$ cat upload-v6.txt   # compact mmCIF, C-alpha atoms and all ligand atoms
# COMPACT_ATOMS: atom_id res chain seq x y z
CA MET O 18 0.00 0.00 0.00
CA ALA O 19 1.32 3.43 -0.92
CA GLU O 20 2.29 5.59 2.00
CA GLU O 21 -0.10 8.46 2.66
CA PRO O 22 1.30 11.92 1.99
CA LYS O 23 2.30 13.58 5.25
CA LYS O 24 1.88 17.16 4.08
CA TYR O 25 -0.34 19.37 1.99
CA ALA O 26 1.44 20.38 -1.21
CA PRO O 27 0.87 23.87 -2.62
CA LYS O 28 -0.99 23.69 -5.92
CA SER O 29 0.41 25.55 -8.92
CA PHE O 30 -1.74 28.29 -10.43
CA ALA O 31 1.01 29.61 -12.74
CA HIS O 32 -1.40 29.31 -15.72
CA LEU O 33 -3.34 32.33 -14.38
CA LYS O 34 -0.86 34.90 -15.74
CA GLY O 35 -2.43 37.47 -18.08
CA LEU O 36 -5.72 38.09 -16.31
CA LYS O 37 -7.65 41.25 -17.17
CA GLY O 38 -7.32 43.95 -14.51
CA ILE O 39 -5.46 41.71 -12.03
CA SER O 40 -1.73 42.08 -12.67
CA ASP O 41 0.81 39.27 -12.75
CA GLY O 42 2.63 41.08 -9.93
CA VAL O 43 -0.41 40.99 -7.63
CA LEU O 44 -0.88 37.31 -8.51
CA GLU O 45 2.78 36.49 -7.78
CA THR O 46 2.52 38.04 -4.33
CA HIS O 47 -0.80 36.29 -3.80
CA PHE O 48 0.68 32.88 -4.68
CA LYS O 49 3.42 33.45 -2.07
CA LEU O 50 0.82 34.37 0.56
CA TYR O 51 -1.12 31.20 -0.35
CA GLU O 52 2.04 29.10 0.03
CA GLY O 53 2.44 30.60 3.50
CA TYR O 54 -0.97 29.23 4.45
CA VAL O 55 -0.03 25.78 3.13
CA ASN O 56 3.25 25.80 5.04
CA ARG O 57 1.67 26.96 8.30
CA THR O 58 -1.19 24.46 7.92
CA ASN O 59 1.44 21.71 7.59
CA LYS O 60 3.38 22.98 10.60
CA LEU O 61 0.26 23.33 12.75
CA THR O 62 -1.06 19.92 11.75
CA GLU O 63 2.26 18.30 12.63
CA THR O 64 2.50 20.20 15.92
CA LEU O 65 -1.04 19.38 17.04
CA TYR O 66 -0.69 15.65 16.28
CA ALA O 67 2.57 15.66 18.21
CA MET O 68 1.00 17.44 21.17
CA ALA O 69 -1.87 14.93 21.20
CA LYS O 70 0.61 12.01 21.20
CA GLU O 71 2.68 13.62 23.95
CA GLY O 72 -0.34 14.10 26.22
CA GLN O 73 -0.33 17.89 25.91
CA ALA O 74 -3.85 18.11 24.50
CA ALA O 75 -5.81 19.93 27.17
CA GLY O 76 -8.21 22.86 27.04
CA SER O 77 -6.37 24.27 30.03
CA ASN O 78 -3.07 24.27 28.10
CA PRO O 79 -2.95 27.76 26.51
CA ALA O 80 -0.42 26.72 23.86
CA TYR O 81 -2.59 23.81 22.75
CA ALA O 82 -5.80 25.90 22.81
CA GLU O 83 -4.33 28.81 20.83
CA LEU O 84 -2.75 26.56 18.20
CA THR O 85 -6.07 24.74 17.85
CA ARG O 86 -7.89 28.06 17.37
CA ARG O 87 -5.28 29.05 14.78
CA MET O 88 -6.02 25.92 12.76
CA GLY O 89 -9.32 27.28 11.40
CA PHE O 90 -7.58 30.44 10.15
CA GLU O 91 -4.68 28.68 8.44
CA TYR O 92 -6.63 25.73 7.05
CA ASN O 93 -9.41 27.86 5.58
CA GLY O 94 -6.80 30.32 4.31
CA MET O 95 -5.23 27.47 2.33
CA VAL O 96 -8.47 25.94 1.06
CA LEU O 97 -10.30 29.17 0.15
CA HIS O 98 -7.32 30.36 -1.92
CA GLU O 99 -7.44 27.10 -3.87
CA TYR O 100 -11.13 27.66 -4.61
CA TYR O 101 -10.42 31.30 -5.55
CA PHE O 102 -7.53 30.66 -7.94
CA GLY O 103 -9.41 27.61 -9.19
CA ASN O 104 -12.37 29.69 -10.40
CA LEU O 105 -10.26 32.18 -12.38
CA LYS O 106 -8.79 31.84 -15.86
CA PRO O 107 -7.11 34.06 -18.45
CA GLY O 108 -9.22 34.84 -21.49
CA GLY O 109 -12.48 34.87 -19.54
CA THR O 110 -15.45 36.23 -21.45
CA GLY O 111 -17.05 38.11 -18.57
CA ALA O 112 -20.34 36.83 -19.98
CA GLY O 113 -21.68 35.46 -16.70
CA ALA O 114 -22.87 32.09 -15.47
CA THR O 115 -24.09 29.49 -17.93
CA GLY O 116 -25.64 26.05 -17.88
CA LYS O 117 -26.60 24.35 -14.63
CA LEU O 118 -25.05 27.11 -12.51
CA LYS O 119 -27.15 29.77 -14.22
CA SER O 120 -30.27 27.65 -13.72
CA ALA O 121 -29.45 27.09 -10.04
CA ILE O 122 -28.90 30.85 -9.56
CA GLU O 123 -32.20 31.71 -11.28
CA ALA O 124 -34.05 29.10 -9.23
CA ARG O 125 -33.18 30.85 -5.97
CA PHE O 126 -32.65 34.50 -6.91
CA GLY O 127 -35.14 34.91 -9.75
CA SER O 128 -32.51 36.17 -12.17
CA TYR O 129 -28.76 36.20 -12.73
CA ASP O 130 -28.73 40.01 -12.34
CA ILE O 131 -30.37 39.85 -8.90
CA TRP O 132 -27.82 37.24 -7.80
CA LEU O 133 -25.00 39.38 -9.24
CA ALA O 134 -26.16 42.50 -7.38
CA ASP O 135 -26.38 40.45 -4.17
CA PHE O 136 -22.89 38.98 -4.65
CA ARG O 137 -21.45 42.42 -5.46
CA ALA O 138 -23.08 43.92 -2.36
CA ILE O 139 -21.38 41.28 -0.21
CA ALA O 140 -18.10 41.57 -2.15
CA THR O 141 -17.89 45.31 -1.39
CA MET O 142 -18.78 45.08 2.31
CA PRO O 143 -16.22 46.72 4.58
CA GLY O 144 -13.99 44.22 6.29
CA VAL O 145 -11.34 41.62 5.65
CA GLY O 146 -12.64 38.38 4.22
CA TRP O 147 -14.33 36.60 1.36
CA ALA O 148 -17.51 36.77 -0.74
CA ILE O 149 -18.72 33.27 -1.54
CA THR O 150 -21.67 31.67 -3.30
CA PHE O 151 -22.33 28.42 -1.47
CA GLN O 152 -24.59 25.51 -2.31
CA ASN O 153 -26.43 23.69 0.43
CA PRO O 154 -26.00 20.04 -0.62
CA GLU O 155 -29.16 19.08 1.29
CA ASN O 156 -31.54 21.03 -0.95
CA GLY O 157 -29.33 22.40 -3.75
CA TRP O 158 -30.05 26.04 -2.85
CA LEU O 159 -27.44 28.68 -3.62
CA SER O 160 -26.81 31.60 -1.25
CA ASN O 161 -24.21 34.34 -0.98
CA HIS O 162 -22.17 34.75 2.19
CA TRP O 163 -19.52 36.94 3.78
CA VAL O 164 -16.71 35.07 5.51
CA SER O 165 -14.62 37.17 7.93
CA LEU O 166 -10.87 36.54 7.79
CA HIS O 167 -10.94 32.95 6.50
CA GLU O 168 -12.89 31.05 9.08
CA GLU O 169 -15.84 32.97 10.43
CA GLY O 170 -19.13 32.52 8.59
CA ASN O 171 -18.44 29.38 6.54
CA PRO O 172 -21.74 27.44 6.65
CA ALA O 173 -20.80 23.94 7.78
CA GLY O 174 -21.10 21.33 5.08
CA PHE O 175 -22.00 23.81 2.33
CA ARG O 176 -20.09 23.63 -0.95
CA PRO O 177 -18.15 26.72 -2.11
CA ILE O 178 -19.22 27.34 -5.73
CA LEU O 179 -17.86 30.82 -6.53
CA VAL O 180 -15.17 32.25 -4.27
CA MET O 181 -13.81 35.83 -4.25
CA ASP O 182 -10.93 36.94 -2.08
CA ALA O 183 -11.84 40.39 -0.70
CA TRP O 184 -8.59 40.94 1.22
CA GLU O 185 -6.68 43.99 0.04
CA HIS O 186 -3.69 41.87 -0.99
CA ALA O 187 -5.94 40.49 -3.77
CA PHE O 188 -6.09 43.89 -5.54
CA VAL O 189 -3.63 46.42 -4.03
CA PRO O 190 -1.62 48.00 -5.70
CA ASP O 191 -3.60 47.39 -8.92
CA TYR O 192 -6.36 49.39 -7.24
CA LYS O 193 -6.46 51.59 -4.18
CA ALA O 194 -7.72 50.15 -0.93
CA ASN O 195 -10.96 52.12 -1.35
CA GLU O 196 -11.50 50.83 -4.91
CA ARG O 197 -12.65 47.31 -4.16
CA ALA O 198 -15.61 47.72 -6.57
CA LYS O 199 -13.12 48.07 -9.47
CA TYR O 200 -11.44 44.86 -8.38
CA VAL O 201 -14.84 43.15 -8.26
CA ASP O 202 -15.33 44.21 -11.92
CA ALA O 203 -11.92 42.71 -12.76
CA TYR O 204 -12.76 39.53 -10.83
CA PHE O 205 -15.95 39.05 -12.85
CA ALA O 206 -14.03 39.54 -16.12
CA ASN O 207 -11.80 36.56 -15.26
CA ILE O 208 -14.15 33.93 -13.87
CA ASP O 209 -13.88 30.35 -15.09
CA TRP O 210 -17.61 29.68 -15.04
CA ALA O 211 -17.18 26.05 -16.09
CA ALA O 212 -14.95 25.48 -13.04
CA ALA O 213 -17.56 27.05 -10.75
CA GLU O 214 -20.35 25.00 -12.37
CA SER O 215 -18.36 21.78 -11.92
CA ARG O 216 -18.48 22.31 -8.12
CA LEU O 217 -22.26 21.97 -8.03
CA LYS O 218 -23.51 18.78 -6.47
FE FE E 301 -5.75 36.08 -0.52

$ encode --input "upload-v6.txt" --output "structure tokens" --more "lines below"
Ligand SMILES: [Fe+2]
Amino acid sequence: MAEEPKKYAPKSFAHLKGLKGISDGVLETHFKLYEGYVNRTNKLTETLYAMAKEGQAAGSNPAYAELTRRMGFEYNGMVLHEYYFGNLKPGGTGAGATGKLKSAIEARFGSYDIWLADFRAIATMPGVGWAITFQNPENGWLSNHWVSLHEEGNPAGFRPILVMDAWEHAFVPDYKANERAKYVDAYFANIDWAAAESRLK
């Protein structure tokens, strides 16, 4: 039997160069930040398993408790970036959702434009976090959510369908910190709608 991998490996998103309105320089920095999440997730995972084996797992142990709290931040930071880069592509048409995703959006929101306005409203909310269209696998419904930092507001068990990083590192210095709406325009020009659709259950 093949040995299980002991670490998460950073995925390569080098094919994303040449997006519209999101520079290669911003992407390069963003890939490095993403790799930081992968590395820290690996380190934390290793440390927490070791602490459990050494009998240091206790709610009253501040080191154990704080590292455990940190896990949600680092792990979601890794995973959400993979969803984000994974639903972008160069040469995007900016034409909007198609196929089953469009139908699922219309079923809940009435129209693509109403869904888009709702997503954009969330994507331009003040704060540090993410705008995400999730699908509830129980009933297939789509809904738009704000996730603070990386870990607060993820609905448990829901499937991320369309993921937008709203942290300033995703668009500064291409845009000013107070120009997130321009970045949202750029984001929508570069979406890989087929990738988002393929995440539907
Ligand atoms: Fe990011």

$ residues_near_ligand --input "upload-v6.txt" --ligand "ligand FE 301 (chain E)" --cutoff "9 Å" --atoms "only C-alpha atoms and all ligand atoms" --output "PyMOL selection string"
chain O and resi 47-48+50-51+94+97-98+101+146-147+181-187

$ residues_around --input "upload-v6.txt" --residues "range 109-119 of chain O" --least-positions-apart "5" --cutoff "8 Å" --atoms "all atoms listed in the file" --output "PyMOL selection string"
chain O and resi 129+205-211+213-214+217

$ residues_around --input "upload-v6.txt" --residues "range 29-45 of chain O" --least-positions-apart "6" --cutoff "9 Å" --atoms "all atoms listed in the file" --output "list in words"
Glu99, Phe102, Gly103, Leu105, Lys106, Pro107, Gly108, Gly109, His186, Ala187, Phe188, Val189, Pro190, Asp191, Lys199, Tyr200, Asp202, Ala203, Tyr204, Ala206 and Asn207 of chain O

$ closest_residue --input "upload-v6.txt" --among "O:Ala67, O:Ile149, O:Gln73, O:Ala26" --to "Val55 in chain O" --atoms "only C-alpha atoms"
O:Ala26

$ residues_around --input "upload-v6.txt" --residues "Glu63 in chain O" --least-positions-apart "2" --cutoff "12 Å" --atoms "only C-alpha atoms" --output "ChimeraX atom specification"
/O:23-25,56-61,65-70,84-85,88

$ atom_distance --input "upload-v6.txt" --atom1 "CA of Lys218 in chain O" --atom2 "CA of Ser160 in chain O"
14.2 Å

$ atom_distance --input "upload-v6.txt" --atom1 "CA of Ala75 in chain O" --atom2 "CA of Asn171 in chain O"
26.0 Å

$ atom_distance --input "upload-v6.txt" --atom1 "CA of Glu168 in chain O" --atom2 "CA of Thr62 in chain O"
16.5 Å

$ residues_around --input "upload-v6.txt" --residues "Gln152 in chain O" --least-positions-apart "2" --cutoff "12 Å" --atoms "all atoms listed in the file" --output "ChimeraX atom specification"
/O:118,121-122,125,149-150,154-162,171-180,213-214,216-218

$ write_last_selection --input "upload-v6.txt" --atoms "C-alpha atoms" --output "PDB file, in the frame of the given file"
ATOM      1  CA  LEU O 118     -25.050  27.110 -12.510  1.00  0.00           C
ATOM      2  CA  ALA O 121     -29.450  27.090 -10.040  1.00  0.00           C
ATOM      3  CA  ILE O 122     -28.900  30.850  -9.560  1.00  0.00           C
ATOM      4  CA  ARG O 125     -33.180  30.850  -5.970  1.00  0.00           C
ATOM      5  CA  ILE O 149     -18.720  33.270  -1.540  1.00  0.00           C
ATOM      6  CA  THR O 150     -21.670  31.670  -3.300  1.00  0.00           C
ATOM      7  CA  PRO O 154     -26.000  20.040  -0.620  1.00  0.00           C
ATOM      8  CA  GLU O 155     -29.160  19.080   1.290  1.00  0.00           C
ATOM      9  CA  ASN O 156     -31.540  21.030  -0.950  1.00  0.00           C
ATOM     10  CA  GLY O 157     -29.330  22.400  -3.750  1.00  0.00           C
ATOM     11  CA  TRP O 158     -30.050  26.040  -2.850  1.00  0.00           C
ATOM     12  CA  LEU O 159     -27.440  28.680  -3.620  1.00  0.00           C
ATOM     13  CA  SER O 160     -26.810  31.600  -1.250  1.00  0.00           C
ATOM     14  CA  ASN O 161     -24.210  34.340  -0.980  1.00  0.00           C
ATOM     15  CA  HIS O 162     -22.170  34.750   2.190  1.00  0.00           C
ATOM     16  CA  ASN O 171     -18.440  29.380   6.540  1.00  0.00           C
ATOM     17  CA  PRO O 172     -21.740  27.440   6.650  1.00  0.00           C
ATOM     18  CA  ALA O 173     -20.800  23.940   7.780  1.00  0.00           C
ATOM     19  CA  GLY O 174     -21.100  21.330   5.080  1.00  0.00           C
ATOM     20  CA  PHE O 175     -22.000  23.810   2.330  1.00  0.00           C
ATOM     21  CA  ARG O 176     -20.090  23.630  -0.950  1.00  0.00           C
ATOM     22  CA  PRO O 177     -18.150  26.720  -2.110  1.00  0.00           C
ATOM     23  CA  ILE O 178     -19.220  27.340  -5.730  1.00  0.00           C
ATOM     24  CA  LEU O 179     -17.860  30.820  -6.530  1.00  0.00           C
ATOM     25  CA  VAL O 180     -15.170  32.250  -4.270  1.00  0.00           C
ATOM     26  CA  ALA O 213     -17.560  27.050 -10.750  1.00  0.00           C
ATOM     27  CA  GLU O 214     -20.350  25.000 -12.370  1.00  0.00           C
ATOM     28  CA  ARG O 216     -18.480  22.310  -8.120  1.00  0.00           C
ATOM     29  CA  LEU O 217     -22.260  21.970  -8.030  1.00  0.00           C
ATOM     30  CA  LYS O 218     -23.510  18.780  -6.470  1.00  0.00           C
TER      31      LYS O 218
END

$ axis_aligned_box --input "upload-v6.txt" --around "range 201-206 of chain O" --padding-each-side "3 Å" --output "JSON"
{"center_x": -13.9, "center_y": 41.6, "center_z": -12.2, "size_x": 10.0, "size_y": 11.2, "size_z": 13.9}

$ closest_residue --input "upload-v6.txt" --among "O:Glu196, O:Glu169, O:Asp135, O:Glu52" --to "Phe90 in chain O" --atoms "only C-alpha atoms"
O:Glu169

$ closest_residue --input "upload-v6.txt" --among "O:Tyr100, O:Leu166, O:Pro79, O:Arg197" --to "Phe151 in chain O" --atoms "only C-alpha atoms"
O:Tyr100

$ closest_residue --input "upload-v6.txt" --among "O:Glu71, O:Val201, O:Trp163, O:Asn78" --to "Leu133 in chain O" --atoms "only C-alpha atoms"
O:Val201

$ build_atoms --input "upload-v6.txt" --residues "range 33-45 of chain O" --atoms "N, CA, C and O atoms" --output "short mmCIF file (atom, residue, chain, number, x, y, z; two decimals), in the frame of the given file"
data_model
loop_
_atom_site.label_atom_id
_atom_site.label_comp_id
_atom_site.auth_asym_id
_atom_site.auth_seq_id
_atom_site.Cartn_x
_atom_site.Cartn_y
_atom_site.Cartn_z
N LEU O 33 -2.44 31.17 -14.49
CA LEU O 33 -3.34 32.33 -14.38
C LEU O 33 -2.74 33.63 -14.90
O LEU O 33 -3.43 34.65 -14.94
N LYS O 34 -1.47 33.64 -15.27
CA LYS O 34 -0.86 34.90 -15.74
C LYS O 34 -1.66 35.47 -16.92
O LYS O 34 -2.18 34.72 -17.74
N GLY O 35 -1.75 36.82 -16.96
CA GLY O 35 -2.43 37.47 -18.08
C GLY O 35 -3.91 37.70 -17.85
O GLY O 35 -4.67 37.81 -18.81
N LEU O 36 -4.32 37.76 -16.59
CA LEU O 36 -5.72 38.09 -16.31
C LEU O 36 -6.00 39.55 -16.69
O LEU O 36 -5.07 40.36 -16.79
N LYS O 37 -7.26 39.87 -16.87
CA LYS O 37 -7.65 41.25 -17.17
C LYS O 37 -7.84 42.01 -15.87
O LYS O 37 -8.68 41.62 -15.04
N GLY O 38 -7.08 43.08 -15.67
CA GLY O 38 -7.32 43.95 -14.51
C GLY O 38 -6.77 43.42 -13.20
O GLY O 38 -6.93 44.05 -12.16
N ILE O 39 -6.15 42.24 -13.21
CA ILE O 39 -5.46 41.71 -12.03
C ILE O 39 -4.05 41.37 -12.51
O ILE O 39 -3.87 40.44 -13.30
N SER O 40 -3.06 42.17 -12.07
CA SER O 40 -1.73 42.08 -12.67
C SER O 40 -1.00 40.81 -12.26
O SER O 40 -1.29 40.20 -11.22
N ASP O 41 -0.04 40.42 -13.08
CA ASP O 41 0.81 39.27 -12.75
C ASP O 41 1.55 39.51 -11.44
O ASP O 41 1.78 38.57 -10.67
N GLY O 42 1.92 40.77 -11.17
CA GLY O 42 2.63 41.08 -9.93
C GLY O 42 1.78 40.82 -8.69
O GLY O 42 2.25 40.24 -7.71
N VAL O 43 0.52 41.25 -8.75
CA VAL O 43 -0.41 40.99 -7.63
C VAL O 43 -0.59 39.48 -7.47
O VAL O 43 -0.58 38.95 -6.35
N LEU O 44 -0.71 38.77 -8.58
CA LEU O 44 -0.88 37.31 -8.51
C LEU O 44 0.34 36.64 -7.90
O LEU O 44 0.21 35.73 -7.07
N GLU O 45 1.54 37.08 -8.31
CA GLU O 45 2.78 36.49 -7.78
C GLU O 45 2.83 36.62 -6.26
O GLU O 45 3.17 35.66 -5.55
#
